[in-house]
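Undergrad: Below are the structure tokens for one structure; questions will follow.
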Amino acid sequence: QVQLVESGGGLVKPGGSLRLSCAASGFSFSDYYMSWIRRTPGQGLEWVSYISSGSTFTKYADSVRGRFTISRDNSKNTLYLQMNSLRVEDTAFYYCARGGRVPTTGFYYFDYWGQGTLVTVSS
Amino acid sequence: DIQMTQSPSSLSASVGDRVTITCRASQTISKFLNWYQQKPGKAPNLLIYAASSLQSGVPSRFSGSGSGTDFTLTISSLQPEDFATYYCQQSYTNLGGSFGQGTKLEIK
């Protein structure tokens, strides 16, 4: 079955860095777009970034552009999120999610999610 | 940017009730609208995609409707396992779509 397992979260000071990983199994990882989404306390879900199946395309939310970098290693079935210049407002649970699409249409969705990893930015 | 607004933000209901949650987009998004359920400590779960298509494995008591700017998620007869937070998400901007702020469904 499809499994996504995040790791790498923790406590970091403002201005610090963290690298999140998401280990995927149970599907052909290299065939799918992947994304990071976060849930901030009291703010609900916020899409952070996505990357195409072959790493050709990436996109970022305005709130993280220039500070976060998404990448993937299809040989290791692993998705990454390098987070630099972290701010207090980046405190959240970070989820990786698989991007699904209705064939031949533009209807996209996130059909599998990991359990999340907590990032706390505090001095 | 497309803003998604859900109402209500919280809702109390009883087992067996029919419940409707509303999601409004700040601009027309055709039927590019998904619904997710999240229980405490769990990953979000896709319920509905393309506004009205039921994801495989999701009980038929869940249904979605709408197009343009106004959408609804309906649970026809609440079950104990349905008490959770529900989010809508627009996919008009593909995978980078914004989410609503969530609707917390609680037991009355």
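Scheme for the structure tokens: letters A, B, ... for chains in order shown; per-chain residue numbers from 1; ligand numbers from 1 in order shown.
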Excluding Gly15 of chain A and its own-chain neighbours fewer than 2 positions away, which residues fall within 8 Å of it when counting only C-alpha atoms? Please give them as a PyMOL selection string.
TA: chain A and resi 13+17+84-87
Undergrad: Show me, as JSON, numbers by chain, the residues of chain B whose atoms get within 12 Å of chain A, using only C-alpha atoms for the distance check.
TA: {"B": [1, 3, 4, 5, 6, 9, 29, 30, 31, 32, 33, 34, 35, 36, 37, 38, 39, 40, 41, 42, 43, 44, 45, 46, 47, 48, 49, 50, 51, 52, 53, 54, 55, 56, 57, 58, 85, 86, 87, 88, 89, 90, 91, 92, 93, 94, 95, 96, 97, 98, 99, 100, 101, 102, 103, 104]}
Undergrad: If you run DSSP on this backbone, which residues of segment 4-104 of chain B come out as strand (DSSP E or B), and could you give them as a PyMOL selection string?
TA: chain B and resi 4-7+10-13+19-25+33-38+45-49+53-54+62-67+70-75+85-90+99+103-104
Undergrad: I'd like to know which of A:Ser53, A:Gln82, A:Thr40, A:Ser7 is closest to Ser28 of chain A, using only C-alpha atoms.
TA: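 Checking each candidate against Ser28 of chain A, we get A:Ser53 as the closest.
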Undergrad: Identify which of the residues B:Ser26, B:Thr74, B:Ser7, B:Thr20 lies closest to Ser60 of chain B, counting only C-alpha atoms when measuring atom-to-atom distances.
TA: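 Checking each candidate against Ser60 of chain B, we get B:Thr74 as the closest.
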Undergrad: Rounded to one decimal place, report the atom CA of Leu18 of chain A-atom CA of Leu81 of chain A distance in Å.
TA: 8.2 Å
Undergrad: So, counting only C-alpha atoms, which residue among A:Val12, A:Thr58, A:Ala92, A:Phe27 is closest to Thr117 of chain A?
TA: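 Checking each of A:Val12, A:Thr58, A:Ala92, A:Phe27 against Thr117 of chain A, counting only C-alpha atoms, the winner is A:Ala92.
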Undergrad: Could you state the separation of atom CA of Val121 of chain A and atom CA of Cys22 of chain A in Å, given to one decimal place?
TA: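 Atom-to-atom, atom CA of Val121 of chain A to atom CA of Cys22 of chain A, that is 20.0 Å.
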Undergrad: Let me make sure I understand: among A:Pro41, A:Gly66, A:Gly54, A:Gly26, which one has the smallest atom-to-atom distance to Leu4 of chain A if we use only C-alpha atoms?
TA: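 Residue with the minimum atom-to-atom distance to Leu4 of chain A: A:Gly26.
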